[in-house]
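Novice: Let me begin by handing over the structure; questions about it come next.
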Amino acid sequence: MDTQTDIFQALRPRLFGIAYRMLGVRADAEDIVQEAWLRWQQGGGLEARIPEAWLVTVVTRLSIDRLRSAMVERERYVGPWLPEPLIDEAAPAPEAALEAAGDISTAFLLMLERLGPEERAVFLLHQVFEFEYGEVAAMVGKTEAACRKILQRARERVRAGRPRFEVGREQHLALLARFIEASRSGVPARVQELLTADATYMGDGGGKAKTTVRAVLGADRVARLVVGIERKWTGRGHHEMIEVNGGPGLLTWRDGLPDSVTSLDVREGRIAAIYVVRNPDKLAQLHQLAGRRGAQSS
């Protein structure tokens with residue numbers, strides 16, 4: 001028979017997946033999962049008739065409470081708020097094994113920002129993690145009828161943000177490589193031809209790193225911005241292709257240190273949005289990566 005520890009560890013990737021999608025912040029998600037582990041050890045594992053349902057309920061309700069306070073904090077955030085990127089190479093075991101159910105792309109997580117805490121929980125549990133209405137109702141403490149109404153409202157609010165076509169990994173990688181080359185060319189027109197007409201650039205510095213304080217809209221403006229940034233840093237850094245939130249992205253190094261993480265929202269073969277995280281609080285894992293690489297090369 002599996003021990004309580006074995007049961008929890010088997011479910012840990014799913015629990016982290018729920019908490020991260022709810023909150024968009026790695027440390028907060030880890031805290032939620034750790035709190036669930038403590039409650040599991042303090043008797044939850046003994047009283048749980050269905051361990052998965054018990055643990056998902058704990059994580060969901062803790063995430064709803066944390067998201068309520070986080071939404072107030074984000075109203076005071078300096079500039080656009082972007083989810084903390086998950087970088088595979090830097091991730092410890094639970095996150096490296098993050099359950100692949102649904103989407104963890106930056107575009108998807110930003111789409112979820114349109115929803116209130118309970119709406120987000122119901123939407124994720126039913127649409128992404130495929131729990132039945134009765135299970136969802138028990139997990140969020142609502143009636144089944146109420147959950148159906150909440151989900152209907154949530155679907156209406158996020159429908160416009162859903163990508164219309166899936167993008168193949170090879171196509172995404174090829175477009176990313178072309179984007180790097182065009183950015184380095186110094187010719188905005190070369191970047192612009194890779195963008196949708198309504199392309200968006202969002203930079204997250206959190207008031208701690210310089211970036212755009214508002215979203216930049218339109219292919220022409222975005223292309224000129226991208227080329228200008230690349231020109232400014234010529235000779236002081238390089239781009240590294242990495243896995244960011246389940247898809248190809250860029251880790252940019254400046255003066256030997258991790259400077260930013262970039263992910264793209266690709267639609268119909270063009271770049272619809274560029275998301276750049278520079279807030280050092282959200283790059284802490286990458287500074288650990290830099291330290292490990294430095295130790296290995298010395």
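To be explicit about the labels: the chains of the structure tokens are called A, B, and onward in the order shown, and within each one the residues are counted from 1, while ligands get numbers from 1 in the order they are shown.
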I want to know what sits within 8 Å of segment 80-86 of chain A, based on only C-alpha atoms, with residues of the same chain fewer than 6 positions away left out; could you give that as a CSV table (one decimal) with N, CA and C atoms, in the first residue's frame?
Specialist:
```csv
chain,number,residue,atom,x,y,z
A,24,GLY,N,-0.1,32.3,-11.1
A,24,GLY,CA,0.9,32.9,-12.0
A,24,GLY,C,2.3,33.2,-11.4
A,25,VAL,N,2.5,32.8,-10.1
A,25,VAL,CA,3.7,33.1,-9.4
A,25,VAL,C,4.2,31.8,-8.8
A,26,ARG,N,5.4,31.4,-9.2
A,26,ARG,CA,6.0,30.2,-8.8
A,26,ARG,C,6.1,30.0,-7.3
A,74,ARG,N,-1.7,43.6,-7.2
A,74,ARG,CA,-1.5,43.9,-8.6
A,74,ARG,C,-2.0,45.2,-9.1
A,106,THR,N,2.2,32.0,-21.4
A,106,THR,CA,1.9,33.4,-20.9
A,106,THR,C,0.6,33.9,-21.4
A,109,LEU,N,-2.3,32.3,-19.4
A,109,LEU,CA,-2.3,32.8,-18.0
A,109,LEU,C,-2.8,34.3,-18.0
A,110,LEU,N,-2.4,35.1,-19.0
A,110,LEU,CA,-3.0,36.5,-19.0
A,110,LEU,C,-4.5,36.5,-19.3
A,202,MET,N,4.7,43.7,-24.4
A,202,MET,CA,4.5,43.9,-22.9
A,202,MET,C,5.7,43.6,-22.2
A,203,GLY,N,6.2,44.6,-21.4
A,203,GLY,CA,7.4,44.4,-20.6
A,203,GLY,C,7.1,44.5,-19.1
A,204,ASP,N,7.6,43.6,-18.3
A,204,ASP,CA,7.3,43.5,-16.9
A,204,ASP,C,8.6,43.8,-16.1
A,206,GLY,N,8.3,45.6,-13.0
A,206,GLY,CA,7.8,45.7,-11.7
A,206,GLY,C,8.4,46.9,-10.9
A,213,VAL,N,6.4,51.0,-19.6
A,213,VAL,CA,5.5,51.1,-18.5
A,213,VAL,C,4.0,50.8,-19.0
A,214,ARG,N,3.8,50.8,-20.3
A,214,ARG,CA,2.5,50.4,-20.8
A,214,ARG,C,2.8,49.5,-22.0
A,215,ALA,N,1.7,48.7,-22.3
A,215,ALA,CA,1.8,47.9,-23.5
A,215,ALA,C,2.0,48.7,-24.8
A,244,VAL,N,10.1,28.0,-22.2
A,244,VAL,CA,9.4,28.9,-21.3
A,244,VAL,C,7.9,28.6,-21.2
A,245,ASN,N,7.4,28.2,-20.1
A,245,ASN,CA,6.0,27.9,-19.9
A,245,ASN,C,5.4,27.0,-21.0
A,261,VAL,N,13.4,37.3,-19.8
A,261,VAL,CA,12.9,36.1,-20.4
A,261,VAL,C,11.8,36.5,-21.3
A,275,TYR,N,6.1,39.0,-24.9
A,275,TYR,CA,6.1,39.2,-23.5
A,275,TYR,C,7.5,39.1,-22.9
A,277,VAL,N,9.8,39.5,-19.5
A,277,VAL,CA,9.9,39.7,-18.0
A,277,VAL,C,11.3,40.1,-17.6
A,282,LYS,N,11.2,37.9,-10.4
A,282,LYS,CA,10.7,36.8,-11.2
A,282,LYS,C,11.8,36.1,-11.9
A,283,LEU,N,13.0,36.5,-11.8
A,283,LEU,CA,14.2,35.8,-12.5
A,283,LEU,C,15.1,35.2,-11.5
```
Novice: From a backbone DSSP assignment, name each residue in segment 4-158 of chain A labelled helix (DSSP H, G or I), as an MDAnalysis selection string.
Specialist: chainID A and resid 4:23 26:47 51:74 88:90 93:96 106:112 117:128 133:140 144:158
Novice: Rounded to one decimal in Å, what is the spacing between atom CA of Thr211 of chain A and atom CA of Glu268 of chain A?
Specialist: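 Interatomic distance here is 27.7 Å.
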Novice: With distances taken over only C-alpha atoms, which of A:Glu30, A:Glu47, A:Asp255, A:Glu193 is nearest to Val59 of chain A?
Specialist: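 Distance minimum relative to Val59 of chain A lands on A:Glu30.
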Novice: Pick the closest to Gly256 of chain A from A:Ile242, A:Lys149, A:His287, A:Glu144: which is it, counting only C-alpha atoms?
Specialist: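 Using only C-alpha atoms, Gly256 of chain A sits closest to A:His287.
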Novice: With a distance cut-off of 6 Å and only C-alpha atoms, select the neighbouring residues of segment 222-224 of chain A, excluding the residue or stretch itself and same-chain residues fewer than 5 positions from it, and output the selection as a list of chain:residue names.
Specialist: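 What passes the distance filter is A:Pro188, A:Val191, A:Gln192.
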Novice: Which of these residues is nearest to Ala70 of chain A, using only C-alpha atoms: A:Val33, A:Met22, A:Val56, A:Ile180?
Specialist: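 That would be A:Met22, the residue with the smallest distance to Ala70 of chain A.
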Novice: As a count of residues only, please: the residues near Leu194 of chain A (cut-off 12 Å, only C-alpha atoms, same-chain neighbours under 2 positions excluded).
Specialist: 35
Novice: Hey, which of A:Gly134, A:Gly186, A:Gly207, A:Pro258 ends up closest to Tyr77 of chain A? Count only C-alpha atoms.
Specialist: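 Between A:Gly134, A:Gly186, A:Gly207, A:Pro258, the residue approaching Tyr77 of chain A most closely is A:Gly207.
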Novice: What does the distance between atom CA of Glu119 of chain A and atom CA of Arg76 of chain A come to in Å, to one decimal place?
Specialist: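 The value is 22.3 Å.
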Novice: Of the candidates A:Ser69, A:Ser185, A:Ser105, A:Gln285, which shows the shortest atom-to-atom distance to Thr262 of chain A, using only C-alpha atoms?
Specialist: A:Ser105
Novice: In Å, with one decimal, what is the gap from atom CA of Pro51 of chain A to atom CA of Arg39 of chain A?
Specialist: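 Interatomic distance here is 12.2 Å.
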Novice: A:Leu195, A:Val187, A:Ser260, A:Thr212: which is nearest Arg231 of chain A, counting only C-alpha atoms?
Specialist: A:Val187
Novice: Identify, on the basis of only C-alpha atoms, every residue whose closest approach to segment 139-141 of chain A does not exceed 12 Å; exclude the query and any residue fewer than 6 positions from it along the same chain; express the result as a count of residues only.
Specialist: 29
Novice: Just list as a PDB file with C-alpha atoms, in the first residue's frame whatever in segment 99-259 of chain A DSSP marks as strand (DSSP E or B).
Specialist:
```
ATOM      1  CA  LEU A 195       4.196  40.453 -36.690  1.00  0.00           C
ATOM      2  CA  THR A 196       0.438  40.600 -36.902  1.00  0.00           C
ATOM      3  CA  ALA A 197      -0.898  44.083 -37.652  1.00  0.00           C
ATOM      4  CA  ASP A 198      -2.176  44.451 -34.080  1.00  0.00           C
ATOM      5  CA  ALA A 199       0.899  42.971 -32.399  1.00  0.00           C
ATOM      6  CA  THR A 200       1.537  43.834 -28.747  1.00  0.00           C
ATOM      7  CA  TYR A 201       4.729  44.221 -26.720  1.00  0.00           C
ATOM      8  CA  MET A 202       4.466  43.925 -22.934  1.00  0.00           C
ATOM      9  CA  GLY A 203       7.398  44.383 -20.589  1.00  0.00           C
ATOM     10  CA  ASP A 204       7.316  43.529 -16.879  1.00  0.00           C
ATOM     11  CA  VAL A 216       3.075  48.970 -26.954  1.00  0.00           C
ATOM     12  CA  LEU A 217       0.495  48.348 -29.683  1.00  0.00           C
ATOM     13  CA  GLY A 237      24.841  40.042 -24.355  1.00  0.00           C
ATOM     14  CA  HIS A 238      23.307  37.154 -26.230  1.00  0.00           C
ATOM     15  CA  HIS A 239      20.038  35.245 -26.565  1.00  0.00           C
ATOM     16  CA  GLU A 240      19.597  31.607 -25.607  1.00  0.00           C
ATOM     17  CA  MET A 241      16.653  29.528 -26.785  1.00  0.00           C
ATOM     18  CA  ILE A 242      14.974  27.841 -23.837  1.00  0.00           C
ATOM     19  CA  GLU A 243      11.657  26.275 -22.849  1.00  0.00           C
ATOM     20  CA  VAL A 244       9.383  28.915 -21.280  1.00  0.00           C
ATOM     21  CA  GLY A 247       6.925  26.506 -25.393  1.00  0.00           C
ATOM     22  CA  PRO A 248      10.019  27.953 -27.090  1.00  0.00           C
ATOM     23  CA  GLY A 249      11.270  31.245 -25.674  1.00  0.00           C
ATOM     24  CA  LEU A 250      14.373  33.306 -25.069  1.00  0.00           C
ATOM     25  CA  LEU A 251      16.634  33.839 -22.103  1.00  0.00           C
ATOM     26  CA  THR A 252      18.640  37.023 -22.672  1.00  0.00           C
ATOM     27  CA  TRP A 253      22.008  37.443 -20.963  1.00  0.00           C
ATOM     28  CA  ARG A 254      23.480  40.932 -20.444  1.00  0.00           C
ATOM     29  CA  LEU A 257      23.851  37.811 -16.030  1.00  0.00           C
ATOM     30  CA  PRO A 258      20.242  36.774 -16.807  1.00  0.00           C
ATOM     31  CA  ASP A 259      18.478  39.954 -17.917  1.00  0.00           C
TER      32      ASP A 259
END
```
